[in-house]
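File shown: target20.tsv (TSV, C-alpha atoms).
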```
chain	number	residue	atom	x	y	z
V	106	MET	CA	-49.16	-21.80	-51.95
V	107	ALA	CA	-50.95	-18.65	-50.87
V	108	ALA	CA	-54.71	-18.86	-50.45
V	109	ASP	CA	-55.29	-16.44	-53.30
V	110	GLY	CA	-53.74	-18.90	-55.74
V	111	GLU	CA	-51.58	-16.17	-57.22
V	112	THR	CA	-48.43	-16.59	-55.18
V	113	ALA	CA	-46.23	-19.56	-54.39
V	114	TYR	CA	-43.46	-19.73	-51.82
V	115	LEU	CA	-40.42	-21.94	-52.32
V	116	ALA	CA	-38.13	-23.19	-49.58
V	117	CYS	CA	-34.69	-23.18	-51.22
V	118	GLU	CA	-32.28	-25.28	-49.22
V	119	GLY	CA	-29.18	-23.75	-50.79
V	120	ASP	CA	-25.73	-25.22	-50.12
V	121	HIS	CA	-26.51	-26.50	-46.57
V	122	GLN	CA	-23.74	-24.31	-45.13
V	123	THR	CA	-24.95	-20.79	-45.62
V	124	PRO	CA	-28.56	-19.65	-45.15
V	125	GLY	CA	-31.12	-20.89	-47.62
V	126	THR	CA	-33.99	-18.72	-48.72
V	127	VAL	CA	-37.71	-18.38	-49.09
V	128	VAL	CA	-38.54	-17.25	-52.60
V	129	ARG	CA	-41.86	-15.67	-53.50
V	130	VAL	CA	-43.04	-16.40	-57.04
V	131	ALA	CA	-45.85	-14.69	-58.95
V	132	LEU	CA	-47.71	-17.46	-60.73
V	133	SER	CA	-49.17	-15.21	-63.43
V	134	THR	CA	-45.70	-14.44	-64.77
V	135	LEU	CA	-43.73	-17.24	-63.16
V	136	ALA	CA	-41.24	-14.64	-61.98
V	137	VAL	CA	-39.37	-14.25	-58.71
V	138	VAL	CA	-40.86	-11.40	-56.69
V	139	SER	CA	-38.65	-11.45	-53.61
V	140	VAL	CA	-36.03	-13.50	-51.78
V	141	THR	CA	-35.70	-13.79	-48.00
V	142	PRO	CA	-32.93	-15.54	-45.99
V	143	ALA	CA	-34.34	-18.45	-44.00
V	144	GLY	CA	-31.56	-20.11	-42.00
V	145	VAL	CA	-29.44	-23.09	-42.99
V	146	PHE	CA	-31.12	-25.87	-45.01
V	147	PRO	CA	-34.80	-24.90	-45.06
V	148	ASP	CA	-36.60	-28.03	-46.22
V	149	MET	CA	-40.34	-27.36	-46.22
V	150	ALA	CA	-42.70	-24.45	-45.84
V	151	GLY	CA	-46.33	-23.83	-45.00
V	152	VAL	CA	-48.56	-20.77	-45.13
V	153	VAL	CA	-50.67	-20.07	-42.06
V	154	PRO	CA	-54.12	-18.74	-43.06
X	84	MET	CA	-42.51	-36.51	-40.14
X	85	SER	CA	-39.10	-37.33	-38.77
X	86	HIS	CA	-36.43	-37.61	-41.43
X	87	TYR	CA	-34.64	-40.92	-41.89
X	88	ASP	CA	-30.87	-40.77	-41.50
X	89	PRO	CA	-29.25	-40.85	-44.98
X	90	ARG	CA	-25.81	-41.56	-43.49
X	91	LYS	CA	-27.03	-44.76	-41.85
X	92	VAL	CA	-28.73	-45.83	-45.06
X	93	GLN	CA	-25.60	-45.20	-47.12
X	94	SER	CA	-23.49	-47.19	-44.70
X	95	GLY	CA	-25.71	-50.27	-44.99
X	96	GLY	CA	-28.25	-49.50	-42.30
X	97	THR	CA	-31.09	-51.76	-41.30
X	98	LEU	CA	-34.73	-51.36	-42.28
X	99	ALA	CA	-35.28	-49.74	-38.88
X	100	ASP	CA	-32.61	-47.15	-39.73
X	101	MET	CA	-34.51	-46.30	-42.91
X	102	ALA	CA	-37.88	-45.89	-41.27
X	103	GLY	CA	-39.44	-42.48	-40.98
X	104	THR	CA	-42.00	-41.86	-38.26
X	105	VAL	CA	-45.05	-39.66	-38.17
X	106	ALA	CA	-45.73	-37.57	-35.10
X	107	LEU	CA	-49.42	-36.79	-34.64
X	108	VAL	CA	-49.61	-33.60	-32.61
X	109	ASP	CA	-52.73	-31.90	-31.28
X	110	ALA	CA	-52.38	-28.35	-32.60
X	111	ALA	CA	-54.25	-26.88	-29.64
X	112	THR	CA	-52.48	-28.63	-26.77
X	113	LEU	CA	-49.28	-29.81	-28.53
X	114	ALA	CA	-49.91	-33.24	-27.00
X	115	ARG	CA	-48.30	-35.95	-29.12
X	116	ALA	CA	-49.48	-39.46	-29.73
X	117	PRO	CA	-46.87	-42.28	-29.80
X	118	LEU	CA	-44.59	-41.97	-32.82
X	119	LEU	CA	-45.87	-43.99	-35.74
X	120	PRO	CA	-43.31	-45.80	-37.93
X	121	VAL	CA	-44.56	-45.87	-41.50
X	122	CYS	CA	-42.06	-47.02	-44.12
X	123	ALA	CA	-38.51	-46.89	-45.46
X	124	GLY	CA	-37.55	-43.39	-46.47
X	125	ALA	CA	-40.81	-41.78	-45.43
X	126	TYR	CA	-40.74	-38.13	-46.43
X	127	GLY	CA	-43.53	-36.29	-48.26
X	128	MET	CA	-47.09	-36.26	-46.96
X	129	ALA	CA	-50.56	-35.45	-48.27
X	130	LEU	CA	-53.88	-35.53	-46.45
X	131	ASP	CA	-57.33	-36.64	-47.58
X	132	GLU	CA	-59.22	-34.55	-45.07
X	133	GLU	CA	-62.65	-35.99	-45.92
X	134	ARG	CA	-61.62	-39.59	-45.32
X	135	ASN	CA	-59.05	-38.76	-42.62
X	136	ILE	CA	-56.38	-40.62	-44.54
X	137	LEU	CA	-52.72	-39.59	-44.59
X	138	PHE	CA	-50.59	-40.58	-47.56
X	139	VAL	CA	-46.81	-40.77	-47.15
X	140	ALA	CA	-44.21	-41.10	-49.91
X	141	CYS	CA	-41.72	-43.86	-49.08
X	142	ALA	CA	-38.61	-42.81	-50.97
X	143	LEU	CA	-36.48	-45.86	-50.22
X	144	ALA	CA	-39.18	-48.45	-50.83
X	145	ASP	CA	-40.98	-47.25	-53.99
X	146	GLN	CA	-44.16	-47.32	-51.94
X	147	VAL	CA	-46.89	-45.07	-50.62
X	148	ALA	CA	-48.09	-45.57	-47.07
X	149	GLU	CA	-51.82	-45.20	-46.49
X	150	VAL	CA	-52.42	-44.21	-42.87
X	151	ASP	CA	-55.96	-44.45	-41.53
X	152	LEU	CA	-55.99	-41.71	-38.91
X	153	ALA	CA	-59.50	-42.64	-37.76
X	154	ALA	CA	-58.28	-46.01	-36.47
X	155	SER	CA	-56.85	-46.30	-32.97
X	156	PRO	CA	-53.96	-46.69	-33.18
X	157	PRO	CA	-53.65	-45.39	-36.74
X	158	ARG	CA	-53.42	-48.25	-39.24
X	159	VAL	CA	-50.65	-48.26	-41.88
X	160	VAL	CA	-51.00	-50.10	-45.21
X	161	LEU	CA	-48.14	-50.04	-47.72
X	162	HIS	CA	-48.77	-49.97	-51.47
X	163	ASP	CA	-46.16	-50.63	-54.15
X	164	VAL	CA	-46.07	-47.78	-56.64
X	165	GLY	CA	-42.92	-48.63	-58.57
X	166	SER	CA	-42.56	-50.69	-61.69
X	167	ALA	CA	-41.94	-53.77	-59.53
X	168	PRO	CA	-41.46	-54.46	-55.81
X	169	ILE	CA	-37.94	-53.66	-54.58
X	170	THR	CA	-35.88	-54.28	-51.48
X	171	PRO	CA	-35.08	-51.02	-49.65
X	172	PRO	CA	-33.01	-49.00	-50.24
X	173	ALA	CA	-32.52	-50.29	-53.81
X	174	THR	CA	-35.16	-47.92	-55.07
X	175	VAL	CA	-35.86	-47.47	-58.78
X	176	HIS	CA	-38.10	-44.41	-58.66
X	177	GLU	CA	-37.42	-42.89	-55.21
X	178	PRO	CA	-40.74	-41.10	-54.60
X	179	MET	CA	-39.72	-38.24	-52.32
X	180	ALA	CA	-42.83	-36.13	-52.29
X	181	LEU	CA	-46.45	-36.29	-53.30
X	182	ALA	CA	-49.38	-34.00	-53.83
X	183	ARG	CA	-53.06	-34.93	-53.81
X	184	ASN	CA	-55.15	-33.58	-56.66
X	185	PRO	CA	-58.28	-32.20	-54.98
X	186	ALA	CA	-60.17	-32.55	-58.26
X	187	ASP	CA	-60.03	-36.33	-58.45
X	188	GLY	CA	-58.09	-37.58	-55.43
X	189	THR	CA	-55.13	-38.87	-57.42
X	190	LEU	CA	-51.68	-38.75	-55.86
X	191	TRP	CA	-48.85	-37.23	-57.90
X	192	LEU	CA	-45.51	-38.65	-56.85
X	193	SER	CA	-42.26	-36.77	-57.38
X	194	CYS	CA	-39.77	-39.53	-58.16
X	195	GLN	CA	-36.27	-38.26	-57.72
X	196	ARG	CA	-34.26	-41.17	-59.13
X	197	SER	CA	-36.36	-41.88	-62.24
X	198	ARG	CA	-36.92	-38.15	-62.82
X	199	THR	CA	-40.59	-38.81	-63.38
X	200	LEU	CA	-43.96	-37.99	-61.98
X	201	ARG	CA	-46.12	-41.04	-61.30
X	202	VAL	CA	-49.86	-40.82	-60.83
X	203	VAL	CA	-51.54	-43.09	-58.31
X	204	ASP	CA	-55.28	-43.58	-57.95
X	205	PRO	CA	-55.86	-44.55	-54.31
X	206	ALA	CA	-59.29	-45.88	-55.24
X	207	ASP	CA	-57.67	-49.00	-56.71
X	208	TRP	CA	-53.95	-48.20	-56.30
X	209	SER	CA	-53.38	-48.27	-60.03
X	210	VAL	CA	-50.25	-46.42	-61.15
X	211	THR	CA	-49.66	-44.62	-64.44
X	212	ALA	CA	-46.65	-42.79	-65.73
X	213	GLY	CA	-46.64	-39.02	-65.83
X	214	PRO	CA	-44.14	-36.74	-67.56
X	215	THR	CA	-40.39	-37.18	-67.37
X	216	LEU	CA	-38.54	-34.09	-66.15
X	217	SER	CA	-35.07	-32.70	-66.78
X	218	ALA	CA	-33.93	-33.73	-63.30
X	219	GLY	CA	-35.27	-35.23	-60.12
X	220	PRO	CA	-38.51	-33.60	-58.91
X	221	HIS	CA	-39.06	-32.78	-55.26
X	222	GLY	CA	-41.86	-30.90	-53.48
X	223	SER	CA	-45.10	-30.22	-55.30
X	224	VAL	CA	-48.45	-28.56	-54.73
X	225	PHE	CA	-51.73	-28.06	-56.58
X	226	THR	CA	-52.81	-24.49	-57.12
X	227	PRO	CA	-56.43	-23.48	-56.55
X	228	ALA	CA	-56.73	-23.33	-60.36
X	229	GLY	CA	-55.81	-26.99	-60.61
X	230	THR	CA	-52.27	-26.75	-61.92
X	231	LEU	CA	-49.52	-28.84	-60.36
X	232	LEU	CA	-46.36	-26.95	-59.42
X	233	VAL	CA	-43.25	-29.08	-59.01
X	234	ALA	CA	-39.87	-28.00	-57.65
X	235	VAL	CA	-37.14	-29.79	-59.60
X	236	ARG	CA	-34.29	-30.03	-57.20
X	237	GLU	CA	-31.14	-30.71	-59.22
X	238	SER	CA	-31.96	-28.27	-62.00
X	239	ALA	CA	-33.31	-25.65	-59.55
X	240	GLU	CA	-36.47	-25.15	-61.57
X	241	LEU	CA	-40.13	-24.68	-60.88
X	242	VAL	CA	-42.31	-26.37	-63.51
X	243	GLU	CA	-46.03	-26.37	-64.15
X	244	VAL	CA	-47.88	-29.54	-65.09
X	245	ASP	CA	-51.38	-29.80	-66.52
X	246	PRO	CA	-52.86	-32.76	-64.63
X	247	VAL	CA	-55.39	-33.43	-67.41
X	248	THR	CA	-53.00	-33.60	-70.37
X	249	ARG	CA	-50.04	-34.54	-68.15
X	250	GLN	CA	-47.90	-32.17	-70.18
X	251	LEU	CA	-45.60	-29.42	-68.99
X	252	ARG	CA	-46.89	-25.90	-69.46
X	253	ARG	CA	-44.88	-22.78	-70.47
X	254	PRO	CA	-41.10	-22.57	-69.90
X	255	ALA	CA	-40.02	-23.39	-66.38
X	256	LEU	CA	-38.81	-20.82	-63.89
X	257	ARG	CA	-35.09	-21.43	-63.45
X	258	MET	CA	-33.77	-20.22	-60.11
X	259	GLU	CA	-30.57	-18.19	-59.99
X	260	PRO	CA	-27.81	-18.78	-57.39
X	261	GLY	CA	-28.88	-15.70	-55.44
X	262	HIS	CA	-32.35	-17.18	-55.06
X	263	LEU	CA	-31.10	-20.39	-53.53
X	264	HIS	CA	-28.83	-19.30	-50.72
X	265	GLN	CA	-27.41	-16.20	-49.09
X	266	ARG	CA	-23.68	-15.81	-48.91
X	267	SER	CA	-22.54	-14.58	-45.50
```
How does the structure come out when it is put into structure tokens?
Amino acid sequence: MAADGETAYLACEGDHQTPGTVVRVALSTLAVVSVTPAGVFPDMAGVVP
Amino acid sequence: MSHYDPRKVQSGGTLADMAGTVALVDAATLARAPLLPVCAGAYGMALDEERNILFVACALADQVAEVDLAASPPRVVLHDVGSAPITPPATVHEPMALARNPADGTLWLSCQRSRTLRVVDPADWSVTAGPTLSAGPHGSVFTPAGTLLVAVRESAELVEVDPVTRQLRRPALRMEPGHLHQRS
């Protein structure tokens, strides 16, 4: 969760064989804004202030 | 949090095999205190910063661990949060993750096996049922506006929950395959 409360980031673990992703979601529309590869099996995420 | 080994659990592992441990690390020096075993299937964590209490979801025990970080060494107390006590790993609810509602201090458990959210009041450790989801919920977080966001793992959805009415809000965001992993 971003500090502004308007954006959430999801760690998507994918199929555990190819890279998973970090997905940015706009909470006002609940729509995917962008997708970024994040290595195999991302499990958790945190936002550094 | 160190992840328990699912392969050992599936092959009839001992309670020690199921235990997850918390590593308390000084962010400035990276010095680590002795690893702290907490419970069977320890996974999700939430922090009560004011009371210096760490809550841990115990997926294989239908419990929540209450860790008093002010004690030396930290003191662990286990609380049953299922419908009835169980013997690990024969979990009924499988609480994988939890989020702490900053508005009232309640803990919202994402229970993968029962596909439910369960609401725990750590003031008296009472447990009430929250909504049932289409599939097993996983990680969750409260937004600054007070809404609970829950990632539903098997259905690859992101759902919104009103913690007051305990109802789901607007249609969920369903993730597409391209959102979940990158083909090489």
Exercise for the section: Considering all atoms listed in the file, return as number ranges by chain whatever protein or nucleic-acid residues lie within 6 Å of Cys117 (chain V), sequence-local ones (same chain, fewer than 6 positions apart) excluded. Expected result: V: 125-126; X: 263
Practice task
Provide as a ChimeraX atom specification the residues of chain X at most 10 Å from chain V, counting all atoms listed in the file.
Solution key: /X:127,222-229,232,234,236,239,241-243,253-267
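Selection around (-46.7, -48.1, -63.3) with radius 8 Å, counting only C-alpha atoms, yields the residues Val164, Gly165, Ser166, Arg201, Ser209, Val210, Thr211 and Ala212 of chain X.
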Handout entry: Pairwise distance for CA of Glu177 (chain X) and CA of Ile136 (chain X), rounded to one decimal in Å
Key = 21.9 Å
Exercise for the section: Name the residues, using the chain letters and numbers of the file, that sit within 6 Å of (-47.8, -45.3, -42.4) when counting all atoms listed in the file, and give them as a PyMOL selection string. Expected result: chain X and resi 121+148-150+159
Problem - Shell of 10 Å around Thr248 (chain X), only C-alpha atoms, local chain residues under 3 positions omitted, as JSON, numbers by chain - result: {"X": [213, 214, 244, 245, 251, 252]}
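Minimum atom-to-atom distances from X:Asp207, X:Asp145, X:Asp151, X:Asp187 to Ala167 (chain X) were compared using only C-alpha atoms, and the lowest value belongs to X:Asp145.
Here CA of Gly103 (chain X) stands at a distance of 9.7 Å from CA of Leu118 (chain X).
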Problem - For Thr174 (chain X): contacts at 12 Å, all atoms listed in the file, fewer than 5 positions along chain excluded, given as a list of chain:residue names - result: X:Ala123, X:Gly124, X:Cys141, X:Ala142, X:Leu143, X:Ala144, X:Asp145, X:Gln146, X:Asp163, X:Val164, X:Gly165, X:Ser166, X:Ala167, X:Pro168, X:Ile169, X:Met179, X:Cys194, X:Gln195, X:Arg196, X:Ser197
Can region 136-152 of chain V be brought up to N, CA and C atoms and written out as a PDB file, in the frame of the given file?
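Heads up, here's the output in result05.pdb:
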```pdb
ATOM      1  N   ALA V 136     -42.433 -15.439 -62.238  1.00  0.00           N
ATOM      2  CA  ALA V 136     -41.240 -14.640 -61.980  1.00  0.00           C
ATOM      3  C   ALA V 136     -41.002 -14.548 -60.474  1.00  0.00           C
ATOM      4  N   VAL V 137     -39.737 -14.421 -60.107  1.00  0.00           N
ATOM      5  CA  VAL V 137     -39.370 -14.250 -58.710  1.00  0.00           C
ATOM      6  C   VAL V 137     -39.706 -12.828 -58.271  1.00  0.00           C
ATOM      7  N   VAL V 138     -40.470 -12.714 -57.200  1.00  0.00           N
ATOM      8  CA  VAL V 138     -40.860 -11.400 -56.690  1.00  0.00           C
ATOM      9  C   VAL V 138     -39.915 -10.936 -55.594  1.00  0.00           C
ATOM     10  N   SER V 139     -39.544 -11.842 -54.696  1.00  0.00           N
ATOM     11  CA  SER V 139     -38.650 -11.450 -53.610  1.00  0.00           C
ATOM     12  C   SER V 139     -37.945 -12.688 -53.063  1.00  0.00           C
ATOM     13  N   VAL V 140     -36.843 -12.437 -52.376  1.00  0.00           N
ATOM     14  CA  VAL V 140     -36.030 -13.500 -51.780  1.00  0.00           C
ATOM     15  C   VAL V 140     -35.720 -13.120 -50.343  1.00  0.00           C
ATOM     16  N   THR V 141     -35.928 -14.059 -49.417  1.00  0.00           N
ATOM     17  CA  THR V 141     -35.700 -13.790 -48.000  1.00  0.00           C
ATOM     18  C   THR V 141     -34.823 -14.883 -47.392  1.00  0.00           C
ATOM     19  N   PRO V 142     -33.742 -14.518 -46.669  1.00  0.00           N
ATOM     20  CA  PRO V 142     -32.930 -15.540 -45.990  1.00  0.00           C
ATOM     21  C   PRO V 142     -33.781 -16.311 -44.982  1.00  0.00           C
ATOM     22  N   ALA V 143     -33.466 -17.622 -44.849  1.00  0.00           N
ATOM     23  CA  ALA V 143     -34.340 -18.450 -44.000  1.00  0.00           C
ATOM     24  C   ALA V 143     -33.573 -19.435 -43.132  1.00  0.00           C
ATOM     25  N   GLY V 144     -32.309 -19.160 -42.811  1.00  0.00           N
ATOM     26  CA  GLY V 144     -31.560 -20.110 -42.000  1.00  0.00           C
ATOM     27  C   GLY V 144     -30.986 -21.227 -42.855  1.00  0.00           C
ATOM     28  N   VAL V 145     -30.137 -22.045 -42.246  1.00  0.00           N
ATOM     29  CA  VAL V 145     -29.440 -23.090 -42.990  1.00  0.00           C
ATOM     30  C   VAL V 145     -30.384 -24.263 -43.288  1.00  0.00           C
ATOM     31  N   PHE V 146     -30.425 -24.662 -44.555  1.00  0.00           N
ATOM     32  CA  PHE V 146     -31.120 -25.870 -45.010  1.00  0.00           C
ATOM     33  C   PHE V 146     -32.627 -25.850 -44.714  1.00  0.00           C
ATOM     34  N   PRO V 147     -33.336 -24.813 -45.159  1.00  0.00           N
ATOM     35  CA  PRO V 147     -34.800 -24.900 -45.060  1.00  0.00           C
ATOM     36  C   PRO V 147     -35.301 -26.008 -45.975  1.00  0.00           C
ATOM     37  N   ASP V 148     -36.223 -26.816 -45.494  1.00  0.00           N
ATOM     38  CA  ASP V 148     -36.600 -28.030 -46.220  1.00  0.00           C
ATOM     39  C   ASP V 148     -38.059 -28.007 -46.651  1.00  0.00           C
ATOM     40  N   MET V 149     -38.915 -27.418 -45.875  1.00  0.00           N
ATOM     41  CA  MET V 149     -40.340 -27.360 -46.220  1.00  0.00           C
ATOM     42  C   MET V 149     -40.893 -26.027 -45.745  1.00  0.00           C
ATOM     43  N   ALA V 150     -42.070 -25.697 -46.250  1.00  0.00           N
ATOM     44  CA  ALA V 150     -42.700 -24.450 -45.840  1.00  0.00           C
ATOM     45  C   ALA V 150     -44.208 -24.618 -45.839  1.00  0.00           C
ATOM     46  N   GLY V 151     -44.875 -23.841 -45.013  1.00  0.00           N
ATOM     47  CA  GLY V 151     -46.330 -23.830 -45.000  1.00  0.00           C
ATOM     48  C   GLY V 151     -46.808 -22.415 -44.777  1.00  0.00           C
ATOM     49  N   VAL V 152     -47.968 -22.094 -45.308  1.00  0.00           N
ATOM     50  CA  VAL V 152     -48.560 -20.770 -45.130  1.00  0.00           C
ATOM     51  C   VAL V 152     -49.694 -20.878 -44.124  1.00  0.00           C
TER      52      VAL V 152
END
```
